[in-house]
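Trainee: One structure, as structure tokens, below. Some questions next.
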Amino acid sequence: MTTVNQIKKIVYLASLDQRHSPGVFKKILGTVAGAEQAGYSASLKLLDTKPGFLEKFVEEIDNSDADILIVRSLCQYNFYLIPAFRRAKAQGKKIILDVPTPNTVAVSELADANTGWKRKVKDLAYLILSGPVPFWFVSKILQYAEEGAWFSIGNKSKTSHIGNGIQVASVPERTQVPVFDGSCLRLVCVASLNYWHGVDRLIQAIATFNSDGNGLKVHLKIVGNGASLSSLQELTEALDVQQYISFSGFLEGEDLYREYQSAHMAVGSLALFRKKLKSASELKSREYCAVGIPFMVVGDDPDFPKNTRFRVQLPNRESLSDLTDFFRSFDSKYLAFTPTEIRKYACENLDFSVKIKEILKEVED
């Protein structure tokens, strides 16, 4: 246990645009806050993503006086950090590599990226050819989903599979819960919209279900922007379900929590299979839990047992009938929780004050 006289310095080093990745930025801030709460001297060093950031990244590793550096993975550029990782090890520093997306999934993402073919080939070559090697020079690897065999060579013993955390105190608990009378189910989906969220599946399922003459009508508010926004809007118009589906764009603060107050349930990713994932540790699921709203998802999550009652886990596959059947048999039992009950789970299992112990386990000594 770290005492006041043995306080260790931790620096979280990352390169990202916080405006484009607000959820990730909040996660990083929460990690730092959790370390401080646990008695460490913790800080964040955030670099931009402009040309030359790799050189700056190396300089930060070389010049840092931290005992422990938590480095957010640079994906295809991790190979560039190998010399710095080796020098850090020689200086007695411990490096924890935080890998938000398994490299085996990143291969698919880079292949599908909207970049020129030369850039695409170069990025894929960097990632695939360097493979597991950059990981060999760090003390610990944090993974949030299963990594592929090639990238795991020589790394399994120091890889920890953990769930993402959240700074629960930074998220207001919702104070109002709409009454469910069996005639209208209001859903809210908050996301940086992309294909793996599967919102297109949900829109199609709502269009099918609501047209079948059911007494229950499902309404969906989509909060956020992203690569899939325009196609989702076009799909909504093509299916003529504008009366049930609405888009608000990006919201934060009171505007966002107003949407949480008016919804019965929230929606997480509904198409992990499109990223070839069976499980994921979604930041948004953690926000939903801290807010105190039940939510629906597909796939497993290391922090939520399958019998978690306020987390409805649907099959991780393309079938629309999974969604329409869920609406057809919808029961108020899915909503039979107070916000405080759900938030309590977040405090006890998801808060960074809990997660930091997992992150630093076997590294701080």
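Naming scheme: A, B, ... for chains in displayed order of the structure tokens; residues 1 onward per chain; ligands 1 onward as shown.
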So that each row is one residue of range 3-24 of chain A with an atom at most 12 Å from range 43-60 of chain A, can you give its shortest atom pair and the distance in Å to one decimal, using only C-alpha atoms, rows by chain and rising number, as a Markdown table?

Mentor:
```
| residue | atom | partner | partner_atom | distance |
| --- | --- | --- | --- | --- |
| A:Lys8 | CA | A:Ser43 | CA | 11.5 |
| A:Lys9 | CA | A:Ser43 | CA | 8.3 |
| A:Ile10 | CA | A:Ser43 | CA | 6.5 |
| A:Val11 | CA | A:Ser43 | CA | 5.0 |
| A:Tyr12 | CA | A:Leu44 | CA | 4.8 |
| A:Leu13 | CA | A:Lys45 | CA | 5.0 |
| A:Ala14 | CA | A:Leu46 | CA | 5.2 |
| A:Ser15 | CA | A:Leu47 | CA | 4.5 |
| A:Leu16 | CA | A:Asp48 | CA | 5.6 |
| A:Asp17 | CA | A:Asp48 | CA | 6.2 |
| A:Gln18 | CA | A:Asp48 | CA | 8.9 |
| A:Arg19 | CA | A:Asp48 | CA | 11.0 |
| A:His20 | CA | A:Thr49 | CA | 11.3 |
| A:Val24 | CA | A:Leu46 | CA | 12.0 |
```

Trainee: List as an MDAnalysis selection string the protein and nucleic acid residues near Val223 in chain A, meaning an atom at most 7 Å away when only C-alpha atoms are counted, but skip any in the same chain fewer than 3 places from it.

Mentor: chainID A and resid 189:191 247:251

Trainee: Just list the residues in range 27-268 of chain A DSSP gives strand (DSSP E or B) on the backbone, as a PyMOL selection string.

Mentor: chain A and resi 41-47+68-72+94-99+140-143+159-161+166+184-190+193+217-223+226+245-249+265-267

Trainee: Just write the chosen residues, N, CA and C atoms, as a short mmCIF file (atom, residue, chain, number, x, y, z; two decimals), in the first residue's frame.

Mentor:
```
data_model
loop_
_atom_site.label_atom_id
_atom_site.label_comp_id
_atom_site.auth_asym_id
_atom_site.auth_seq_id
_atom_site.Cartn_x
_atom_site.Cartn_y
_atom_site.Cartn_z
N SER A 41 0.68 10.84 -6.81
CA SER A 41 0.84 12.14 -7.45
C SER A 41 0.65 11.91 -8.94
N ALA A 42 -0.51 12.31 -9.45
CA ALA A 42 -0.87 11.95 -10.83
C ALA A 42 -1.17 13.19 -11.66
N SER A 43 -0.80 13.13 -12.94
CA SER A 43 -1.08 14.25 -13.84
C SER A 43 -1.24 13.73 -15.26
N LEU A 44 -1.75 14.58 -16.12
CA LEU A 44 -1.98 14.24 -17.52
C LEU A 44 -1.10 15.10 -18.41
N LYS A 45 -0.47 14.46 -19.39
CA LYS A 45 0.26 15.18 -20.43
C LYS A 45 -0.43 14.84 -21.75
N LEU A 46 -1.13 15.84 -22.29
CA LEU A 46 -1.91 15.63 -23.50
C LEU A 46 -1.24 16.34 -24.67
N LEU A 47 -0.91 15.57 -25.71
CA LEU A 47 -0.28 16.12 -26.90
C LEU A 47 -1.30 16.18 -28.03
N ILE A 68 5.79 5.89 -12.90
CA ILE A 68 4.93 5.06 -13.73
C ILE A 68 4.33 5.94 -14.83
N LEU A 69 4.50 5.52 -16.07
CA LEU A 69 3.90 6.21 -17.21
C LEU A 69 2.79 5.33 -17.78
N ILE A 70 1.58 5.87 -17.82
CA ILE A 70 0.49 5.18 -18.50
C ILE A 70 0.40 5.81 -19.89
N VAL A 71 0.70 5.03 -20.91
CA VAL A 71 0.78 5.53 -22.27
C VAL A 71 -0.40 5.01 -23.08
N ARG A 72 -1.18 5.93 -23.62
CA ARG A 72 -2.28 5.50 -24.49
C ARG A 72 -1.70 5.05 -25.83
N LYS A 94 8.36 2.46 -15.06
CA LYS A 94 7.41 1.42 -15.45
C LYS A 94 6.46 2.01 -16.49
N ILE A 95 6.27 1.28 -17.59
CA ILE A 95 5.36 1.72 -18.65
C ILE A 95 4.14 0.80 -18.67
N ILE A 96 2.97 1.40 -18.57
CA ILE A 96 1.71 0.69 -18.75
C ILE A 96 1.12 1.15 -20.08
N LEU A 97 0.94 0.24 -21.01
CA LEU A 97 0.40 0.60 -22.32
C LEU A 97 -1.11 0.37 -22.31
N ASP A 98 -1.86 1.44 -22.47
CA ASP A 98 -3.32 1.41 -22.46
C ASP A 98 -3.81 1.25 -23.90
N VAL A 99 -4.37 0.08 -24.22
CA VAL A 99 -4.76 -0.25 -25.60
C VAL A 99 -6.29 -0.25 -25.69
N LYS A 140 3.32 -3.53 -18.51
CA LYS A 140 1.96 -4.07 -18.43
C LYS A 140 1.14 -3.56 -19.60
N ILE A 141 0.19 -4.38 -20.07
CA ILE A 141 -0.69 -4.03 -21.17
C ILE A 141 -2.12 -4.10 -20.70
N LEU A 142 -2.86 -3.03 -20.91
CA LEU A 142 -4.28 -3.01 -20.57
C LEU A 142 -5.10 -3.23 -21.83
N GLN A 143 -5.91 -4.27 -21.83
CA GLN A 143 -6.78 -4.58 -22.96
C GLN A 143 -8.23 -4.60 -22.47
N THR A 159 -0.55 -9.07 -19.87
CA THR A 159 -1.77 -8.43 -20.36
C THR A 159 -2.88 -8.58 -19.34
N SER A 160 -3.52 -7.48 -19.01
CA SER A 160 -4.65 -7.48 -18.10
C SER A 160 -5.90 -7.12 -18.87
N HIS A 161 -6.93 -7.96 -18.78
CA HIS A 161 -8.21 -7.65 -19.40
C HIS A 161 -9.09 -7.00 -18.34
N ILE A 166 -15.05 4.94 -14.99
CA ILE A 166 -15.70 6.23 -15.12
C ILE A 166 -15.58 6.97 -13.80
N CYS A 184 -45.97 3.79 -24.91
CA CYS A 184 -44.84 4.50 -25.52
C CYS A 184 -43.56 4.16 -24.78
N LEU A 185 -42.59 3.63 -25.51
CA LEU A 185 -41.26 3.34 -24.95
C LEU A 185 -40.27 4.32 -25.56
N ARG A 186 -39.67 5.15 -24.73
CA ARG A 186 -38.75 6.18 -25.20
C ARG A 186 -37.31 5.73 -24.96
N LEU A 187 -36.54 5.66 -26.06
CA LEU A 187 -35.14 5.27 -26.01
C LEU A 187 -34.27 6.46 -26.34
N VAL A 188 -33.06 6.49 -25.75
CA VAL A 188 -32.08 7.50 -26.11
C VAL A 188 -30.76 6.80 -26.42
N CYS A 189 -30.16 7.16 -27.53
CA CYS A 189 -28.85 6.63 -27.92
C CYS A 189 -27.87 7.78 -28.00
N VAL A 190 -26.85 7.76 -27.17
CA VAL A 190 -25.83 8.81 -27.14
C VAL A 190 -24.54 8.20 -27.66
N LEU A 193 -21.52 8.54 -33.66
CA LEU A 193 -22.16 7.53 -34.48
C LEU A 193 -21.22 6.88 -35.51
N LYS A 217 -45.66 1.77 -28.95
CA LYS A 217 -44.87 2.44 -29.99
C LYS A 217 -43.51 2.81 -29.40
N VAL A 218 -42.46 2.56 -30.17
CA VAL A 218 -41.10 2.84 -29.72
C VAL A 218 -40.62 4.13 -30.37
N HIS A 219 -40.08 5.03 -29.54
CA HIS A 219 -39.54 6.30 -30.01
C HIS A 219 -38.05 6.33 -29.67
N LEU A 220 -37.26 6.91 -30.55
CA LEU A 220 -35.81 6.96 -30.37
C LEU A 220 -35.28 8.37 -30.58
N LYS A 221 -34.51 8.86 -29.60
CA LYS A 221 -33.78 10.11 -29.75
C LYS A 221 -32.30 9.76 -29.93
N ILE A 222 -31.71 10.21 -31.02
CA ILE A 222 -30.31 9.95 -31.33
C ILE A 222 -29.51 11.21 -31.02
N VAL A 223 -28.60 11.10 -30.07
CA VAL A 223 -27.81 12.24 -29.61
C VAL A 223 -26.36 12.03 -30.03
N GLY A 226 -21.22 12.04 -36.10
CA GLY A 226 -20.31 10.97 -36.45
C GLY A 226 -20.44 10.55 -37.90
N ILE A 245 -38.40 8.74 -34.87
CA ILE A 245 -36.94 8.88 -34.75
C ILE A 245 -36.57 10.36 -34.88
N SER A 246 -35.80 10.87 -33.93
CA SER A 246 -35.36 12.27 -34.01
C SER A 246 -33.88 12.36 -33.71
N PHE A 247 -33.25 13.40 -34.24
CA PHE A 247 -31.81 13.61 -34.10
C PHE A 247 -31.59 14.97 -33.43
N SER A 248 -30.72 15.01 -32.45
CA SER A 248 -30.46 16.27 -31.75
C SER A 248 -29.07 16.83 -32.04
N GLY A 249 -28.17 16.02 -32.64
CA GLY A 249 -26.79 16.43 -32.74
C GLY A 249 -26.10 16.26 -31.40
N MET A 265 -35.18 4.05 -21.43
CA MET A 265 -33.97 3.23 -21.56
C MET A 265 -32.98 3.91 -22.48
N ALA A 266 -31.70 3.54 -22.32
CA ALA A 266 -30.64 4.03 -23.20
C ALA A 266 -30.18 2.88 -24.10
N VAL A 267 -29.44 3.23 -25.14
CA VAL A 267 -29.00 2.24 -26.13
C VAL A 267 -27.49 2.32 -26.30
#
```

Trainee: Show me a table, sorted first by chain and then by increasing residue number, of the residues of range 30-78 of chain A having an atom at most 9 Å from range 340-353 of chain A, each with its shortest atom pair and the distance in Å to one decimal, counting only C-alpha atoms and written as a tab-separated table.

Mentor:
```
residue	atom	partner	partner_atom	distance
A:Gly30	CA	A:Phe352	CA	6.1
A:Thr31	CA	A:Phe352	CA	5.8
A:Val32	CA	A:Phe352	CA	8.5
A:Ala33	CA	A:Phe352	CA	7.5
A:Gly34	CA	A:Ser353	CA	4.5
A:Ala35	CA	A:Ser353	CA	7.0
A:Glu36	CA	A:Ser353	CA	8.8
A:Gln37	CA	A:Ser353	CA	6.5
A:Ala38	CA	A:Ser353	CA	6.5
```

Trainee: Restrict the selected residues to all heavy atoms and save them as a PDB file, in the first residue's frame.

Mentor:
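And here's result-v3.pdb as it stands now:
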```pdb
ATOM      1  N   GLY A  30     -10.535  10.853 -15.697  1.00  0.00           N
ATOM      2  CA  GLY A  30     -10.996  10.024 -14.593  1.00  0.00           C
ATOM      3  C   GLY A  30      -9.906   9.104 -14.070  1.00  0.00           C
ATOM      4  O   GLY A  30      -9.802   8.873 -12.861  1.00  0.00           O
ATOM      5  N   THR A  31      -9.086   8.572 -14.978  1.00  0.00           N
ATOM      6  CA  THR A  31      -7.975   7.720 -14.559  1.00  0.00           C
ATOM      7  C   THR A  31      -7.004   8.499 -13.675  1.00  0.00           C
ATOM      8  O   THR A  31      -6.553   8.003 -12.630  1.00  0.00           O
ATOM      9  CB  THR A  31      -7.222   7.176 -15.793  1.00  0.00           C
ATOM     10  OG1 THR A  31      -8.132   6.461 -16.630  1.00  0.00           O
ATOM     11  CG2 THR A  31      -6.090   6.260 -15.373  1.00  0.00           C
ATOM     12  N   VAL A  32      -6.692   9.718 -14.098  1.00  0.00           N
ATOM     13  CA  VAL A  32      -5.789  10.565 -13.314  1.00  0.00           C
ATOM     14  C   VAL A  32      -6.404  10.897 -11.957  1.00  0.00           C
ATOM     15  O   VAL A  32      -5.735  10.816 -10.915  1.00  0.00           O
ATOM     16  CB  VAL A  32      -5.459  11.855 -14.100  1.00  0.00           C
ATOM     17  CG1 VAL A  32      -4.664  12.825 -13.232  1.00  0.00           C
ATOM     18  CG2 VAL A  32      -4.677  11.524 -15.360  1.00  0.00           C
ATOM     19  N   ALA A  33      -7.687  11.249 -11.956  1.00  0.00           N
ATOM     20  CA  ALA A  33      -8.364  11.578 -10.702  1.00  0.00           C
ATOM     21  C   ALA A  33      -8.412  10.366  -9.771  1.00  0.00           C
ATOM     22  O   ALA A  33      -8.243  10.498  -8.550  1.00  0.00           O
ATOM     23  CB  ALA A  33      -9.777  12.088 -10.987  1.00  0.00           C
ATOM     24  N   GLY A  34      -8.631   9.178 -10.348  1.00  0.00           N
ATOM     25  CA  GLY A  34      -8.663   7.968  -9.532  1.00  0.00           C
ATOM     26  C   GLY A  34      -7.319   7.692  -8.893  1.00  0.00           C
ATOM     27  O   GLY A  34      -7.243   7.261  -7.733  1.00  0.00           O
ATOM     28  N   ALA A  35      -6.230   7.942  -9.630  1.00  0.00           N
ATOM     29  CA  ALA A  35      -4.890   7.742  -9.078  1.00  0.00           C
ATOM     30  C   ALA A  35      -4.625   8.726  -7.939  1.00  0.00           C
ATOM     31  O   ALA A  35      -4.051   8.364  -6.906  1.00  0.00           O
ATOM     32  CB  ALA A  35      -3.846   7.892 -10.175  1.00  0.00           C
ATOM     33  N   GLU A  36      -5.052   9.970  -8.122  1.00  0.00           N
ATOM     34  CA  GLU A  36      -4.885  10.965  -7.060  1.00  0.00           C
ATOM     35  C   GLU A  36      -5.678  10.576  -5.826  1.00  0.00           C
ATOM     36  O   GLU A  36      -5.211  10.707  -4.689  1.00  0.00           O
ATOM     37  CB  GLU A  36      -5.326  12.343  -7.568  1.00  0.00           C
ATOM     38  CG  GLU A  36      -4.389  12.938  -8.616  1.00  0.00           C
ATOM     39  CD  GLU A  36      -4.865  14.287  -9.111  1.00  0.00           C
ATOM     40  OE1 GLU A  36      -6.097  14.480  -9.192  1.00  0.00           O
ATOM     41  OE2 GLU A  36      -4.012  15.145  -9.395  1.00  0.00           O
ATOM     42  N   GLN A  37      -6.900  10.093  -6.040  1.00  0.00           N
ATOM     43  CA  GLN A  37      -7.747   9.677  -4.927  1.00  0.00           C
ATOM     44  C   GLN A  37      -7.126   8.513  -4.161  1.00  0.00           C
ATOM     45  O   GLN A  37      -7.321   8.373  -2.960  1.00  0.00           O
ATOM     46  CB  GLN A  37      -9.128   9.279  -5.460  1.00  0.00           C
ATOM     47  CG  GLN A  37     -10.164   8.995  -4.384  1.00  0.00           C
ATOM     48  CD  GLN A  37     -11.536   8.685  -4.977  1.00  0.00           C
ATOM     49  OE1 GLN A  37     -11.803   8.954  -6.142  1.00  0.00           O
ATOM     50  NE2 GLN A  37     -12.406   8.113  -4.167  1.00  0.00           N
ATOM     51  N   ALA A  38      -6.366   7.681  -4.887  1.00  0.00           N
ATOM     52  CA  ALA A  38      -5.720   6.526  -4.254  1.00  0.00           C
ATOM     53  C   ALA A  38      -4.409   6.897  -3.567  1.00  0.00           C
ATOM     54  O   ALA A  38      -3.751   6.029  -2.991  1.00  0.00           O
ATOM     55  CB  ALA A  38      -5.470   5.444  -5.298  1.00  0.00           C
TER      56      ALA A  38
END
```

Trainee: Could you check which of A:Lys278, A:Gly182, A:Asp303, A:Leu323 is closest to Asn214 in chain A, using only C-alpha atoms?

Mentor: A:Gly182

Trainee: Within 9 Å of range 196-203 of chain A, counting only C-alpha atoms, which residues qualify if same-chain residues fewer than 6 places away don't, as an mmCIF file with N, CA and C atoms, in the first residue's frame?

Mentor:
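So around-v3.cif came out as:
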```
data_model
loop_
_atom_site.group_PDB
_atom_site.id
_atom_site.type_symbol
_atom_site.label_atom_id
_atom_site.label_comp_id
_atom_site.auth_asym_id
_atom_site.auth_seq_id
_atom_site.Cartn_x
_atom_site.Cartn_y
_atom_site.Cartn_z
ATOM 1 N N CYS A 189 -30.159 7.164 -27.532
ATOM 2 C CA CYS A 189 -28.852 6.627 -27.915
ATOM 3 C C CYS A 189 -27.871 7.783 -28.002
ATOM 4 N N LEU A 220 -37.261 6.905 -30.552
ATOM 5 C CA LEU A 220 -35.808 6.956 -30.365
ATOM 6 C C LEU A 220 -35.276 8.365 -30.579
ATOM 7 N N ILE A 222 -31.712 10.211 -31.025
ATOM 8 C CA ILE A 222 -30.308 9.951 -31.326
ATOM 9 C C ILE A 222 -29.515 11.208 -31.024
ATOM 10 N N SER A 228 -21.704 8.070 -39.358
ATOM 11 C CA SER A 228 -22.946 7.441 -39.819
ATOM 12 C C SER A 228 -24.156 8.367 -39.768
ATOM 13 N N SER A 231 -26.219 8.972 -43.124
ATOM 14 C CA SER A 231 -26.863 7.750 -43.626
ATOM 15 C C SER A 231 -28.028 7.347 -42.737
ATOM 16 N N LEU A 232 -27.916 7.603 -41.437
ATOM 17 C CA LEU A 232 -29.014 7.286 -40.516
ATOM 18 C C LEU A 232 -30.200 8.223 -40.752
ATOM 19 N N LEU A 235 -31.857 7.035 -43.899
ATOM 20 C CA LEU A 235 -32.618 5.812 -43.638
ATOM 21 C C LEU A 235 -33.940 6.131 -42.953
ATOM 22 N N THR A 236 -33.907 7.048 -42.012
ATOM 23 C CA THR A 236 -35.130 7.451 -41.300
ATOM 24 C C THR A 236 -36.154 8.018 -42.270
ATOM 25 N N LEU A 239 -37.586 5.256 -44.656
ATOM 26 C CA LEU A 239 -38.551 4.381 -43.996
ATOM 27 C C LEU A 239 -39.770 5.151 -43.486
ATOM 28 N N VAL A 241 -40.175 7.240 -40.901
ATOM 29 C CA VAL A 241 -40.409 7.081 -39.456
ATOM 30 C C VAL A 241 -39.931 8.315 -38.682
ATOM 31 N N ILE A 245 -38.395 8.743 -34.870
ATOM 32 C CA ILE A 245 -36.939 8.883 -34.751
ATOM 33 C C ILE A 245 -36.572 10.356 -34.877
ATOM 34 N N VAL A 267 -29.444 3.230 -25.143
ATOM 35 C CA VAL A 267 -29.001 2.244 -26.134
ATOM 36 C C VAL A 267 -27.486 2.319 -26.301
ATOM 37 N N GLY A 268 -26.818 1.185 -26.111
ATOM 38 C CA GLY A 268 -25.387 1.089 -26.371
ATOM 39 C C GLY A 268 -25.151 0.518 -27.757
ATOM 40 N N SER A 269 -23.967 -0.014 -28.009
ATOM 41 C CA SER A 269 -23.649 -0.570 -29.319
ATOM 42 C C SER A 269 -24.483 -1.824 -29.589
ATOM 43 N N LEU A 270 -25.040 -1.883 -30.799
ATOM 44 C CA LEU A 270 -25.886 -3.009 -31.189
ATOM 45 C C LEU A 270 -25.298 -3.793 -32.361
ATOM 46 N N ALA A 271 -24.017 -3.577 -32.659
ATOM 47 C CA ALA A 271 -23.406 -4.297 -33.788
ATOM 48 C C ALA A 271 -21.919 -4.520 -33.560
ATOM 49 N N LEU A 272 -21.555 -5.036 -32.392
ATOM 50 C CA LEU A 272 -20.144 -5.344 -32.147
ATOM 51 C C LEU A 272 -19.621 -6.374 -33.150
ATOM 52 N N PHE A 273 -20.516 -7.213 -33.653
ATOM 53 C CA PHE A 273 -20.111 -8.236 -34.620
ATOM 54 C C PHE A 273 -19.517 -7.616 -35.877
ATOM 55 N N ARG A 274 -19.859 -6.365 -36.153
ATOM 56 C CA ARG A 274 -19.300 -5.705 -37.330
ATOM 57 C C ARG A 274 -17.822 -5.363 -37.143
ATOM 58 N N LYS A 275 -17.380 -5.381 -35.889
ATOM 59 C CA LYS A 275 -15.960 -5.191 -35.601
ATOM 60 C C LYS A 275 -15.302 -6.517 -35.220
ATOM 61 N N GLU A 318 -26.726 -9.935 -36.711
ATOM 62 C CA GLU A 318 -27.389 -8.974 -37.592
ATOM 63 C C GLU A 318 -28.915 -8.997 -37.512
ATOM 64 N N SER A 319 -29.495 -10.086 -37.091
ATOM 65 C CA SER A 319 -30.941 -10.298 -37.144
ATOM 66 C C SER A 319 -31.759 -9.157 -36.535
ATOM 67 N N LEU A 320 -32.701 -8.617 -37.318
ATOM 68 C CA LEU A 320 -33.605 -7.579 -36.807
ATOM 69 C C LEU A 320 -34.633 -8.159 -35.859
ATOM 70 N N LEU A 323 -34.416 -7.582 -32.124
ATOM 71 C CA LEU A 323 -34.884 -6.304 -31.627
ATOM 72 C C LEU A 323 -36.411 -6.232 -31.629
ATOM 73 N N THR A 324 -37.027 -6.641 -32.720
ATOM 74 C CA THR A 324 -38.491 -6.577 -32.774
ATOM 75 C C THR A 324 -39.115 -7.517 -31.741
#
```

Trainee: Find the distance between CA of Ile61 in chain A and CA of Tyr77 in chain A and write it in Å to one decimal.

Mentor: 14.8 Å

Trainee: Just want the 7 Å neighbourhood of Gln76 in chain A, counted on only C-alpha atoms, with same-chain residues fewer than 6 positions away dropped. Output as a ChimeraX atom specification.

Mentor: /A:123,126-127

Trainee: Next, the residues of the selection above should be written as a CSV table (one decimal), in the first residue's frame with N, CA and C atoms.

Mentor:
```
chain,number,residue,atom,x,y,z
A,123,ASP,N,-0.2,2.5,-43.2
A,123,ASP,CA,-0.6,2.3,-41.8
A,123,ASP,C,-0.8,0.8,-41.5
A,126,TYR,N,2.7,-0.8,-41.1
A,126,TYR,CA,3.3,-0.5,-39.8
A,126,TYR,C,2.7,-1.4,-38.7
A,127,LEU,N,1.3,-1.5,-38.7
A,127,LEU,CA,0.7,-2.2,-37.6
A,127,LEU,C,0.9,-3.7,-37.7
```

Trainee: Between A:Ser64, A:Asn164, A:Gln313, A:Asn114, which one has atoms that come closest to Ala88 in chain A, using only C-alpha atoms?

Mentor: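 Using only C-alpha atoms, the shortest distance to Ala88 in chain A belongs to A:Ser64.
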
Trainee: Give me every helix (DSSP H, G or I) residue in range 175-253 of chain A, going by DSSP on the backbone, as a PyMOL selection string.

Mentor: chain A and resi 195-197+199-210+229-238+253

Trainee: What's the separation between CA of Cys75 in chain A and CA of Ser108 in chain A, in Å to one decimal place?

Mentor: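 CA of Ser108 in chain A lies at a distance of 12.4 Å from CA of Cys75 in chain A.
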
Trainee: Tell me which protein, DNA and RNA residues are within 7 Å of Ile82 in chain A, counting only C-alpha atoms, leaving out same-chain ones fewer than 3 positions away, and put them as number ranges by chain.

Mentor: A: 79, 85-86, 134, 137

Trainee: Let me make sure I understand: among A:Val297, A:Leu81, A:Ala227, A:Ala336, which one has the smallest atom-to-atom distance to Arg311 in chain A if we use only C-alpha atoms?

Mentor: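 Of all the options, A:Val297 lies closest to Arg311 in chain A.
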
Trainee: Which residues are near Trp136 in chain A? Cut-off 9 Å, only C-alpha atoms, ignore same chain within fewer than 2 positions. Put them as a ChimeraX atom specification.

Mentor: /A:82,132-134,138-139,154-155

Trainee: I'd like the interatomic distance between CA of Lys156 in chain A and CA of Phe135 in chain A, to a tenth of an Å.

Mentor: 10.2 Å
